[in-house]
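Structure file protein30.tsv (TSV, C-alpha atoms) is printed below.
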chain	number	residue	atom	x	y	z
A	1	MET	CA	227.96	-5.82	225.82
A	2	LYS	CA	228.10	-6.89	222.19
A	3	LYS	CA	224.78	-7.60	220.55
A	4	ARG	CA	224.75	-11.00	218.91
A	5	ARG	CA	224.62	-10.67	215.13
A	6	ILE	CA	221.56	-12.57	214.01
A	7	VAL	CA	221.44	-13.37	210.36
A	8	SER	CA	219.12	-16.32	209.97
A	9	ILE	CA	215.52	-16.69	210.99
A	10	ALA	CA	213.67	-19.78	209.93
A	11	GLU	CA	210.42	-21.56	210.41
A	12	PHE	CA	210.26	-25.30	210.78
A	13	SER	CA	207.46	-27.80	210.98
A	14	ILE	CA	207.66	-31.59	211.18
A	15	HIS	CA	205.21	-34.46	211.50
A	16	PRO	CA	205.10	-38.20	210.93
A	17	ILE	CA	202.76	-39.49	208.22
A	18	GLY	CA	200.62	-42.49	209.11
A	19	LYS	CA	200.76	-42.25	212.91
A	20	GLY	CA	197.22	-41.04	213.61
A	21	THR	CA	195.85	-37.52	213.46
A	22	SER	CA	197.37	-36.46	216.78
A	23	VAL	CA	201.03	-35.74	216.27
A	24	SER	CA	201.79	-33.49	219.24
A	25	ARG	CA	203.96	-36.00	221.11
A	26	TYR	CA	206.24	-36.19	218.06
A	27	VAL	CA	206.42	-32.42	217.84
A	28	LYS	CA	207.32	-32.25	221.56
A	29	ARG	CA	210.17	-34.68	221.08
A	30	ALA	CA	211.47	-32.68	218.11
A	31	LEU	CA	211.36	-29.55	220.28
A	32	GLN	CA	213.36	-31.30	223.00
A	33	ALA	CA	216.04	-32.10	220.44
A	34	ILE	CA	215.98	-28.53	219.14
A	35	SER	CA	216.31	-27.07	222.63
A	36	LYS	CA	219.70	-28.75	223.05
A	37	ILE	CA	221.32	-27.07	220.06
A	38	GLU	CA	223.78	-24.39	221.06
A	39	GLY	CA	223.38	-20.93	219.56
A	40	LEU	CA	219.79	-21.57	218.55
A	41	GLU	CA	216.79	-19.68	219.89
A	42	TYR	CA	213.30	-20.95	219.19
A	43	GLN	CA	209.68	-19.95	219.64
A	44	VAL	CA	206.61	-22.12	219.13
A	45	THR	CA	203.69	-20.81	217.03
A	46	PRO	CA	200.41	-22.61	216.31
A	47	MET	CA	201.76	-23.86	212.97
A	48	ALA	CA	205.52	-24.11	213.32
A	49	THR	CA	208.63	-23.40	215.35
A	50	ILE	CA	210.54	-20.22	214.64
A	51	LEU	CA	214.31	-20.75	214.73
A	52	GLU	CA	216.87	-17.99	215.11
A	53	ALA	CA	220.64	-18.37	214.77
A	54	GLN	CA	223.70	-16.60	213.53
A	55	ASP	CA	224.15	-18.91	210.59
A	56	VAL	CA	222.23	-21.27	208.36
A	57	HIS	CA	224.31	-24.20	209.58
A	58	THR	CA	222.88	-23.99	213.11
A	59	ILE	CA	219.35	-23.80	211.69
A	60	LEU	CA	219.99	-26.98	209.69
A	61	LYS	CA	221.15	-28.80	212.82
A	62	ALA	CA	217.60	-28.39	214.13
A	63	VAL	CA	216.20	-30.09	211.05
A	64	GLU	CA	218.59	-33.00	211.33
A	65	ALA	CA	218.00	-33.44	215.07
A	66	SER	CA	214.23	-33.37	214.60
A	67	HIS	CA	214.19	-36.01	211.87
A	68	SER	CA	216.48	-38.12	214.02
A	69	ALA	CA	214.14	-37.71	217.02
A	70	LEU	CA	211.10	-38.86	215.05
A	71	ARG	CA	212.94	-41.82	213.54
A	72	SER	CA	213.95	-42.92	217.04
A	73	MET	CA	210.25	-42.85	218.04
A	74	GLY	CA	209.46	-45.32	215.27
A	75	ALA	CA	208.12	-42.95	212.61
A	76	LYS	CA	208.31	-44.68	209.22
A	77	ARG	CA	207.61	-41.64	207.11
A	78	ILE	CA	208.46	-38.09	208.14
A	79	SER	CA	207.37	-34.90	206.44
A	80	SER	CA	209.02	-31.61	207.31
A	81	ILE	CA	209.18	-28.12	205.96
A	82	LEU	CA	211.77	-25.43	206.56
A	83	ARG	CA	211.65	-21.87	205.37
A	84	ILE	CA	214.77	-19.78	205.86
A	85	ASP	CA	215.03	-16.00	205.74
A	86	GLU	CA	218.73	-15.21	205.80
A	87	ARG	CA	219.59	-11.57	206.02
A	88	VAL	CA	223.12	-10.37	205.53
A	89	ASP	CA	222.45	-6.62	205.19
A	90	LYS	CA	221.27	-6.00	208.73
A	91	PRO	CA	221.09	-8.11	211.85
A	92	ARG	CA	217.63	-8.50	213.32
A	93	THR	CA	215.83	-10.87	215.66
A	94	MET	CA	212.47	-12.63	215.52
A	95	ARG	CA	211.11	-9.84	217.73
A	96	ASP	CA	212.31	-7.18	215.27
A	97	LYS	CA	210.53	-8.93	212.43
A	98	THR	CA	207.17	-8.87	214.16
A	99	LYS	CA	207.68	-5.25	215.22
A	100	SER	CA	208.43	-4.06	211.67
A	101	ILE	CA	204.95	-5.25	210.70
A	102	GLU	CA	203.12	-4.04	213.77
A	103	HIS	CA	204.28	-0.44	213.71
B	1	MET	CA	224.10	-54.85	191.29
B	2	LYS	CA	222.92	-53.49	194.57
B	3	LYS	CA	220.15	-50.93	194.42
B	4	ARG	CA	220.99	-47.81	196.39
B	5	ARG	CA	218.70	-47.44	199.40
B	6	ILE	CA	217.01	-44.08	199.01
B	7	VAL	CA	215.28	-42.75	202.08
B	8	SER	CA	215.02	-39.02	201.60
B	9	ILE	CA	213.42	-37.05	198.82
B	10	ALA	CA	213.17	-33.31	199.19
B	11	GLU	CA	212.19	-30.25	197.28
B	12	PHE	CA	214.18	-27.07	197.52
B	13	SER	CA	213.72	-23.57	196.21
B	14	ILE	CA	215.86	-20.50	196.82
B	15	HIS	CA	215.88	-16.89	195.66
B	16	PRO	CA	217.40	-13.57	196.71
B	17	ILE	CA	214.99	-10.84	197.83
B	18	GLY	CA	215.60	-7.38	196.42
B	19	LYS	CA	217.67	-8.29	193.37
B	20	GLY	CA	215.13	-7.63	190.62
B	21	THR	CA	212.37	-9.89	189.37
B	22	SER	CA	214.69	-12.12	187.36
B	23	VAL	CA	216.43	-14.49	189.69
B	24	SER	CA	217.46	-17.29	187.31
B	25	ARG	CA	221.20	-16.58	187.44
B	26	TYR	CA	221.09	-17.06	191.21
B	27	VAL	CA	219.19	-20.30	190.85
B	28	LYS	CA	221.76	-21.54	188.31
B	29	ARG	CA	224.60	-20.83	190.68
B	30	ALA	CA	222.81	-22.68	193.48
B	31	LEU	CA	222.35	-25.65	191.13
B	32	GLN	CA	226.07	-25.63	190.34
B	33	ALA	CA	226.81	-25.86	194.05
B	34	ILE	CA	224.23	-28.65	194.47
B	35	SER	CA	225.67	-30.63	191.56
B	36	LYS	CA	228.98	-30.99	193.39
B	37	ILE	CA	227.53	-32.73	196.44
B	38	GLU	CA	228.35	-36.41	196.54
B	39	GLY	CA	225.52	-38.88	196.96
B	40	LEU	CA	222.90	-36.36	195.89
B	41	GLU	CA	220.72	-36.67	192.80
B	42	TYR	CA	218.67	-33.71	191.63
B	43	GLN	CA	216.04	-32.82	189.08
B	44	VAL	CA	214.82	-29.33	188.16
B	45	THR	CA	211.07	-28.61	188.02
B	46	PRO	CA	209.43	-25.30	187.08
B	47	MET	CA	209.07	-24.35	190.76
B	48	ALA	CA	211.88	-26.11	192.62
B	49	THR	CA	214.70	-28.61	192.58
B	50	ILE	CA	213.96	-32.16	193.69
B	51	LEU	CA	216.75	-33.62	195.80
B	52	GLU	CA	217.25	-37.32	196.45
B	53	ALA	CA	219.74	-38.84	198.88
B	54	GLN	CA	220.19	-41.69	201.29
B	55	ASP	CA	220.01	-39.45	204.32
B	56	VAL	CA	218.69	-36.12	205.47
B	57	HIS	CA	222.22	-34.90	206.15
B	58	THR	CA	223.13	-34.94	202.44
B	59	ILE	CA	219.92	-33.08	201.60
B	60	LEU	CA	220.83	-30.38	204.11
B	61	LYS	CA	224.26	-29.95	202.54
B	62	ALA	CA	222.45	-28.73	199.42
B	63	VAL	CA	220.66	-26.06	201.42
B	64	GLU	CA	223.86	-24.84	203.02
B	65	ALA	CA	225.79	-24.82	199.73
B	66	SER	CA	223.00	-22.88	198.00
B	67	HIS	CA	222.79	-20.17	200.65
B	68	SER	CA	226.56	-19.90	200.53
B	69	ALA	CA	226.50	-19.57	196.71
B	70	LEU	CA	223.96	-16.73	196.82
B	71	ARG	CA	225.85	-14.90	199.57
B	72	SER	CA	229.01	-15.09	197.47
B	73	MET	CA	227.08	-13.44	194.60
B	74	GLY	CA	226.28	-10.48	196.84
B	75	ALA	CA	222.71	-11.35	197.85
B	76	LYS	CA	221.81	-9.42	200.98
B	77	ARG	CA	218.64	-11.29	201.81
B	78	ILE	CA	217.98	-14.88	200.83
B	79	SER	CA	214.70	-16.75	201.06
B	80	SER	CA	214.62	-20.52	200.72
B	81	ILE	CA	212.20	-23.32	201.31
B	82	LEU	CA	212.89	-27.00	201.83
B	83	ARG	CA	210.33	-29.74	202.10
B	84	ILE	CA	211.62	-33.18	203.10
B	85	ASP	CA	209.82	-36.48	202.70
B	86	GLU	CA	211.89	-39.04	204.58
B	87	ARG	CA	210.73	-42.59	204.26
B	88	VAL	CA	212.17	-45.32	206.43
B	89	ASP	CA	209.66	-48.08	205.68
B	90	LYS	CA	210.55	-48.63	202.06
B	91	PRO	CA	213.24	-47.29	199.79
B	92	ARG	CA	211.99	-45.44	196.73
B	93	THR	CA	213.30	-42.92	194.22
B	94	MET	CA	211.88	-39.70	192.76
B	95	ARG	CA	210.82	-41.76	189.73
B	96	ASP	CA	208.88	-44.20	191.96
B	97	LYS	CA	207.01	-41.33	193.56
B	98	THR	CA	205.74	-39.98	190.27
B	99	LYS	CA	204.82	-43.49	189.08
B	100	SER	CA	202.74	-44.26	192.17
B	101	ILE	CA	200.51	-41.33	191.22
B	102	GLU	CA	200.39	-41.96	187.48
B	103	HIS	CA	199.32	-45.59	187.59
C	1	MET	CA	196.67	-17.41	167.36
C	2	LYS	CA	196.82	-15.42	170.55
C	3	LYS	CA	199.18	-16.74	173.19
C	4	ARG	CA	197.46	-17.17	176.53
C	5	ARG	CA	198.79	-14.69	179.07
C	6	ILE	CA	200.04	-16.78	181.99
C	7	VAL	CA	200.65	-14.90	185.18
C	8	SER	CA	200.52	-17.45	187.95
C	9	ILE	CA	202.52	-20.58	188.42
C	10	ALA	CA	202.13	-22.48	191.65
C	11	GLU	CA	203.15	-25.68	193.32
C	12	PHE	CA	200.73	-27.65	195.40
C	13	SER	CA	201.04	-30.70	197.59
C	14	ILE	CA	198.39	-32.35	199.75
C	15	HIS	CA	198.18	-35.40	201.99
C	16	PRO	CA	195.98	-36.76	204.76
C	17	ILE	CA	197.57	-37.16	208.21
C	18	GLY	CA	196.89	-40.41	210.02
C	19	LYS	CA	195.90	-42.57	207.07
C	20	GLY	CA	199.00	-44.78	206.80
C	21	THR	CA	202.28	-44.02	205.08
C	22	SER	CA	200.95	-44.63	201.59
C	23	VAL	CA	198.97	-41.63	200.48
C	24	SER	CA	199.06	-41.99	196.70
C	25	ARG	CA	195.38	-42.85	196.28
C	26	TYR	CA	194.49	-39.57	197.99
C	27	VAL	CA	196.86	-37.65	195.75
C	28	LYS	CA	195.31	-39.31	192.68
C	29	ARG	CA	191.83	-38.24	193.74
C	30	ALA	CA	193.04	-34.68	194.30
C	31	LEU	CA	194.54	-34.71	190.80
C	32	GLN	CA	191.23	-35.88	189.34
C	33	ALA	CA	189.53	-32.90	190.98
C	34	ILE	CA	192.25	-30.57	189.72
C	35	SER	CA	192.00	-31.88	186.16
C	36	LYS	CA	188.39	-30.70	185.95
C	37	ILE	CA	189.16	-27.04	186.64
C	38	GLU	CA	188.88	-24.89	183.55
C	39	GLY	CA	191.81	-22.69	182.60
C	40	LEU	CA	194.22	-24.66	184.75
C	41	GLU	CA	197.20	-26.61	183.42
C	42	TYR	CA	199.06	-29.01	185.70
C	43	GLN	CA	202.13	-31.18	185.75
C	44	VAL	CA	203.06	-33.81	188.35
C	45	THR	CA	206.55	-33.82	189.88
C	46	PRO	CA	207.90	-36.29	192.47
C	47	MET	CA	207.08	-33.88	195.30
C	48	ALA	CA	204.14	-31.77	194.15
C	49	THR	CA	201.85	-30.72	191.35
C	50	ILE	CA	202.75	-27.64	189.35
C	51	LEU	CA	199.71	-25.49	188.56
C	52	GLU	CA	199.57	-22.86	185.85
C	53	ALA	CA	196.76	-20.38	185.29
C	54	GLN	CA	196.06	-16.85	184.21
C	55	ASP	CA	195.08	-15.74	187.68
C	56	VAL	CA	195.54	-16.63	191.32
C	57	HIS	CA	191.82	-17.31	191.67
C	58	THR	CA	191.98	-20.35	189.36
C	59	ILE	CA	195.00	-21.66	191.27
C	60	LEU	CA	193.06	-21.40	194.53
C	61	LYS	CA	190.18	-23.40	193.06
C	62	ALA	CA	192.59	-26.33	192.82
C	63	VAL	CA	193.36	-26.08	196.53
C	64	GLU	CA	189.70	-25.99	197.47
C	65	ALA	CA	188.78	-28.88	195.17
C	66	SER	CA	191.62	-31.01	196.53
C	67	HIS	CA	190.70	-30.49	200.18
C	68	SER	CA	187.13	-31.28	199.27
C	69	ALA	CA	188.19	-34.48	197.48
C	70	LEU	CA	190.16	-35.73	200.49
C	71	ARG	CA	187.35	-34.91	202.92
C	72	SER	CA	184.96	-36.91	200.74
C	73	MET	CA	187.35	-39.89	201.02
C	74	GLY	CA	187.08	-39.76	204.81
C	75	ALA	CA	190.29	-37.93	205.67
C	76	LYS	CA	190.00	-36.48	209.16
C	77	ARG	CA	193.05	-34.24	209.00
C	78	ILE	CA	194.47	-32.80	205.81
C	79	SER	CA	197.79	-31.05	205.36
C	80	SER	CA	198.50	-29.06	202.22
C	81	ILE	CA	201.02	-26.59	200.99
C	82	LEU	CA	200.75	-24.10	198.17
C	83	ARG	CA	203.50	-21.87	196.85
C	84	ILE	CA	202.49	-19.24	194.32
C	85	ASP	CA	204.79	-17.33	191.98
C	86	GLU	CA	202.66	-14.64	190.41
C	87	ARG	CA	204.35	-12.61	187.73
C	88	VAL	CA	202.78	-9.48	186.37
C	89	ASP	CA	205.77	-8.07	184.47
C	90	LYS	CA	206.00	-10.76	181.81
C	91	PRO	CA	203.86	-13.75	180.90
C	92	ARG	CA	205.65	-17.08	181.04
C	93	THR	CA	204.75	-20.74	181.30
C	94	MET	CA	206.06	-23.61	183.46
C	95	ARG	CA	208.18	-24.64	180.45
C	96	ASP	CA	209.75	-21.15	180.28
C	97	LYS	CA	210.67	-21.31	183.95
C	98	THR	CA	212.62	-24.53	183.58
C	99	LYS	CA	214.31	-23.26	180.40
C	100	SER	CA	215.54	-20.06	182.05
C	101	ILE	CA	217.50	-22.23	184.49
C	102	GLU	CA	218.74	-24.81	182.00
C	103	HIS	CA	220.26	-22.45	179.45
D	1	MET	CA	177.18	-19.37	224.01
D	2	LYS	CA	177.98	-21.69	221.14
D	3	LYS	CA	181.65	-22.24	220.48
D	4	ARG	CA	182.59	-21.62	216.88
D	5	ARG	CA	183.60	-24.83	215.13
D	6	ILE	CA	187.11	-24.19	213.81
D	7	VAL	CA	188.34	-26.66	211.26
D	8	SER	CA	191.06	-24.89	209.33
D	9	ILE	CA	194.25	-23.33	210.58
D	10	ALA	CA	196.74	-22.08	208.06
D	11	GLU	CA	199.95	-20.18	207.82
D	12	PHE	CA	200.52	-17.63	205.12
D	13	SER	CA	203.49	-15.58	204.02
D	14	ILE	CA	203.79	-13.22	201.08
D	15	HIS	CA	206.44	-10.91	199.65
D	16	PRO	CA	207.22	-9.13	196.40
D	17	ILE	CA	210.39	-10.17	194.55
D	18	GLY	CA	212.60	-7.39	193.26
D	19	LYS	CA	211.38	-4.55	195.48
D	20	GLY	CA	214.38	-4.20	197.78
D	21	THR	CA	215.21	-6.20	200.87
D	22	SER	CA	212.70	-4.42	203.08
D	23	VAL	CA	209.26	-5.79	202.38
D	24	SER	CA	207.38	-4.87	205.55
D	25	ARG	CA	205.17	-2.21	203.97
D	26	TYR	CA	203.88	-4.84	201.55
D	27	VAL	CA	203.23	-7.26	204.36
D	28	LYS	CA	201.32	-4.57	206.28
D	29	ARG	CA	199.08	-3.90	203.29
D	30	ALA	CA	198.39	-7.61	202.91
D	31	LEU	CA	197.44	-7.74	206.60
D	32	GLN	CA	195.04	-4.84	206.13
D	33	ALA	CA	193.33	-6.77	203.35
D	34	ILE	CA	193.24	-9.92	205.50
D	35	SER	CA	191.75	-8.07	208.46
D	36	LYS	CA	188.65	-7.22	206.41
D	37	ILE	CA	187.71	-10.81	205.67
D	38	GLU	CA	184.70	-11.96	207.65
D	39	GLY	CA	185.00	-15.14	209.69
D	40	LEU	CA	188.79	-15.05	209.63
D	41	GLU	CA	190.99	-14.69	212.70
D	42	TYR	CA	194.69	-13.99	212.28
D	43	GLN	CA	197.85	-13.72	214.33
D	44	VAL	CA	201.23	-12.40	213.19
D	45	THR	CA	204.39	-14.42	213.89
D	46	PRO	CA	207.97	-13.46	212.96
D	47	MET	CA	207.79	-15.56	209.80
D	48	ALA	CA	204.16	-15.67	208.75
D	49	THR	CA	200.54	-14.92	209.55
D	50	ILE	CA	198.46	-17.63	211.15
D	51	LEU	CA	194.94	-17.78	209.74
D	52	GLU	CA	192.01	-19.48	211.41
D	53	ALA	CA	188.59	-20.06	209.89
D	54	GLN	CA	185.75	-22.52	209.76
D	55	ASP	CA	186.48	-23.55	206.21
D	56	VAL	CA	189.26	-23.64	203.67
D	57	HIS	CA	187.35	-21.25	201.42
D	58	THR	CA	187.71	-18.37	203.90
D	59	ILE	CA	191.42	-19.10	204.26
D	60	LEU	CA	191.84	-18.89	200.49
D	61	LYS	CA	190.12	-15.50	200.41
D	62	ALA	CA	193.07	-14.19	202.44
D	63	VAL	CA	195.50	-15.42	199.82
D	64	GLU	CA	193.58	-13.81	197.00
D	65	ALA	CA	193.15	-10.51	198.86
D	66	SER	CA	196.87	-10.38	199.69
D	67	HIS	CA	198.02	-10.97	196.12
D	68	SER	CA	195.56	-8.34	194.99
D	69	ALA	CA	196.88	-5.87	197.60
D	70	LEU	CA	200.49	-6.32	196.46
D	71	ARG	CA	199.58	-6.00	192.78
D	72	SER	CA	197.80	-2.73	193.54
D	73	MET	CA	201.04	-1.48	195.15
D	74	GLY	CA	202.91	-2.08	191.91
D	75	ALA	CA	204.57	-5.41	192.69
D	76	LYS	CA	205.58	-7.08	189.45
D	77	ARG	CA	206.39	-10.49	190.90
D	78	ILE	CA	204.81	-11.88	194.04
D	79	SER	CA	205.85	-14.97	195.95
D	80	SER	CA	203.57	-16.47	198.57
D	81	ILE	CA	203.30	-19.63	200.55
D	82	LEU	CA	200.28	-21.12	202.28
D	83	ARG	CA	200.23	-24.17	204.49
D	84	ILE	CA	196.82	-25.46	205.55
D	85	ASP	CA	196.07	-27.84	208.41
D	86	GLU	CA	192.42	-28.77	208.03
D	87	ARG	CA	191.02	-30.89	210.80
D	88	VAL	CA	187.63	-32.51	210.51
D	89	ASP	CA	187.86	-34.90	213.48
D	90	LYS	CA	187.87	-32.29	216.21
D	91	PRO	CA	187.48	-28.53	216.26
D	92	ARG	CA	190.40	-26.63	217.71
D	93	THR	CA	191.80	-23.12	217.62
D	94	MET	CA	195.31	-21.72	217.08
D	95	ARG	CA	195.56	-21.41	220.87
D	96	ASP	CA	194.73	-25.12	221.31
D	97	LYS	CA	197.47	-26.08	218.88
D	98	THR	CA	200.17	-24.27	220.80
D	99	LYS	CA	198.88	-25.66	224.10
D	100	SER	CA	198.98	-29.26	222.91
D	101	ILE	CA	202.72	-28.84	222.41
D	102	GLU	CA	203.45	-26.86	225.53
D	103	HIS	CA	201.82	-29.18	228.03

Just give me the structure of the file as C-alpha cells.
Amino acid sequence: MKKRRIVSIAEFSIHPIGKGTSVSRYVKRALQAISKIEGLEYQVTPMATILEAQDVHTILKAVEASHSALRSMGAKRISSILRIDERVDKPRTMRDKTKSIEH
Amino acid sequence: MKKRRIVSIAEFSIHPIGKGTSVSRYVKRALQAISKIEGLEYQVTPMATILEAQDVHTILKAVEASHSALRSMGAKRISSILRIDERVDKPRTMRDKTKSIEH
Amino acid sequence: MKKRRIVSIAEFSIHPIGKGTSVSRYVKRALQAISKIEGLEYQVTPMATILEAQDVHTILKAVEASHSALRSMGAKRISSILRIDERVDKPRTMRDKTKSIEH
Amino acid sequence: MKKRRIVSIAEFSIHPIGKGTSVSRYVKRALQAISKIEGLEYQVTPMATILEAQDVHTILKAVEASHSALRSMGAKRISSILRIDERVDKPRTMRDKTKSIEH
C-alpha cells in the first residue's frame, strides 16, 4: 500500500466578532464544513484545528468553506487565522510532528 | 463612479525555513506573484503584506501563488501565516481601518 | 551619536470578543497603553501594530499593557496575537525591513 | 479542593530561521524552558504548544524563556507567534475548550 505523501500541515482558527463571548456553535459549523472536504484530515486542539493535506490548495478550501459557513449563520464580521507549514523535503503527518518533539 | 465594495482585508507573511537568515528575495518573489492577481490590492508593512479584496477567495489566491513561488525557488520548507478580517456589515478599505484608529 | 541596537520587531493585534463588530475604541486604548512603554517604538498598520524594541521583554510589556487596558474597559473575553521576529545577527529597524523588500 | 481559576489560554510556536529545515531540537529546548515556569500548564500539538495560566503575565514568561533558550543555542534569527485567548467572564481550561466544540 502506498503511503499518502503529506506535504502541508496547517493550523486554522476562526470566530465571529460581535456575537457574544461564546463562539463554539460557530466553530462547530466551521468544522462541519471542513469535514466534508476531500483529502483533508483534521484534528481539534483547544486553540485551533490542525489541517493536513497533500497540497496547500486543499488547506485553503477549508478556510473558504469556514468563512462561508459563518456568513451563512449571520456573522457580520469574521476573524480567522491560518498558519501553514508546507514541507517539500520529506513527507510527514501531524502525528510525526508531535513525535519529533516528544522523543 | 461606483465605490468598490471591499469585504475582506487580510495580512499575510511567508518565509522559507532553512534558507539562511535573509529571506527578502523570497518575499520579493512572493510579492511579484501577488501583484499579478486581479482584484487584489496590497500594501507592504515591516512585518507582513496587507491584502484587500472583495472576497475571501481572492485573498486565498495570494496564499497559493506565494507558496508556489517559493517552491519554484527551491524552498524545501515554507512557513506562512494569514489573518483574515472579513466584514459583511459595512464595506471598508485598508485606509479606513487605519483611520478609525487614528481619529 | 550611537545608533540604538534594535533586535526585536513584532506585530501585535488585539480585540475583545463579544463587544460588537466595531472594536476601534478598544484598539485606541491599547495603543495609548503601548505609547507609554519606554524603549518601544510603534507604527499602526491596517491590520496590526508594529512594535520595535531592543529586547523581547519590552515587546511583551506591550502585550500585557494592552490586555490590561481592555480588561479595564470591561472586556470579558480578549483575543490577541503577537508575532515576534527577533534578530541577533544584525540590528535593523522596521524601516530597514520594508526597504529590503522594496529595493 | 478549590478549583484553580484559569483565565488565559494561549498557543505558542517558535522556530529559528536559517538553521536548516529540521527545527525540532530547538522546539524541545523551548519546551524545557517552558516546563520550568510555575503556574503554567502546557500541551504539545502538531503545530504549537498550548499554554494555560491564571494570568497573561505567566503566559508571557513562556515566550521570553523560549526566545532566551533559542538564543543560547546560537539562533541568529528567531520567529515566534503567540495567540492569547483571555477570558474574564468564566474560568475554563484547555480541556473545557475542546469539549465545548466536541459536544

Inset, instruction - Calculate how many Å separate CA of Val56 in chain A from CA of Lys99 in chain D, rounding to one decimal. - result: 28.5 Å

Inset, instruction - Point out the residue among A:Ile9, A:Ala75, A:Ala65, A:Val27 with the least atom-to-atom distance to Val88 in chain A, counting all atoms listed in the file. - result: A:Ile9

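If you take only C-alpha atoms and a cut-off of 8 Å, the residues of chain D that reach chain A are Ile9, Ala10, Glu11, Ser24, Arg25, Val27, Lys28, Val44, Thr45, Pro46, Met47, Ile50, Met94, Arg95, Asp96, Lys97, Thr98, Ser100, Ile101 and Glu102 of chain D.
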
Inset, instruction - Tell me, as an NGL selection string, which residues lie within 9 Å of Ile37 in chain A, counting all atoms listed in the file; anything in the same chain fewer than 3 positions away does not count. - result: :A and (33-34 or 40-41 or 58 or 61-62 or 65)

Legend entry - For CA of Glu52 in chain A and CA of His67 in chain A, the interatomic separation in Å (one decimal): 18.5 Å

Inset, instruction - Neighbourhood query: residues within 7 Å of (215.2, -22.2, 200.9), file coordinates, counting only C-alpha atoms; return as a PyMOL selection string. - result: (chain A and resi 83-84) or (chain B and resi 12-14+63+79-82)

Legend entry - Distance in Å - CA of Ile59 in chain D versus CA of Gly20 in chain A: 24.5 Å

Inset, instruction - For Gly74 in chain C, please output as a PyMOL selection string all residues within 10 Å (counting only C-alpha atoms; exclusion window: fewer than 3 positions along the same chain). - result: (chain C and resi 16+19+69-71+77) or (chain D and resi 88-89)
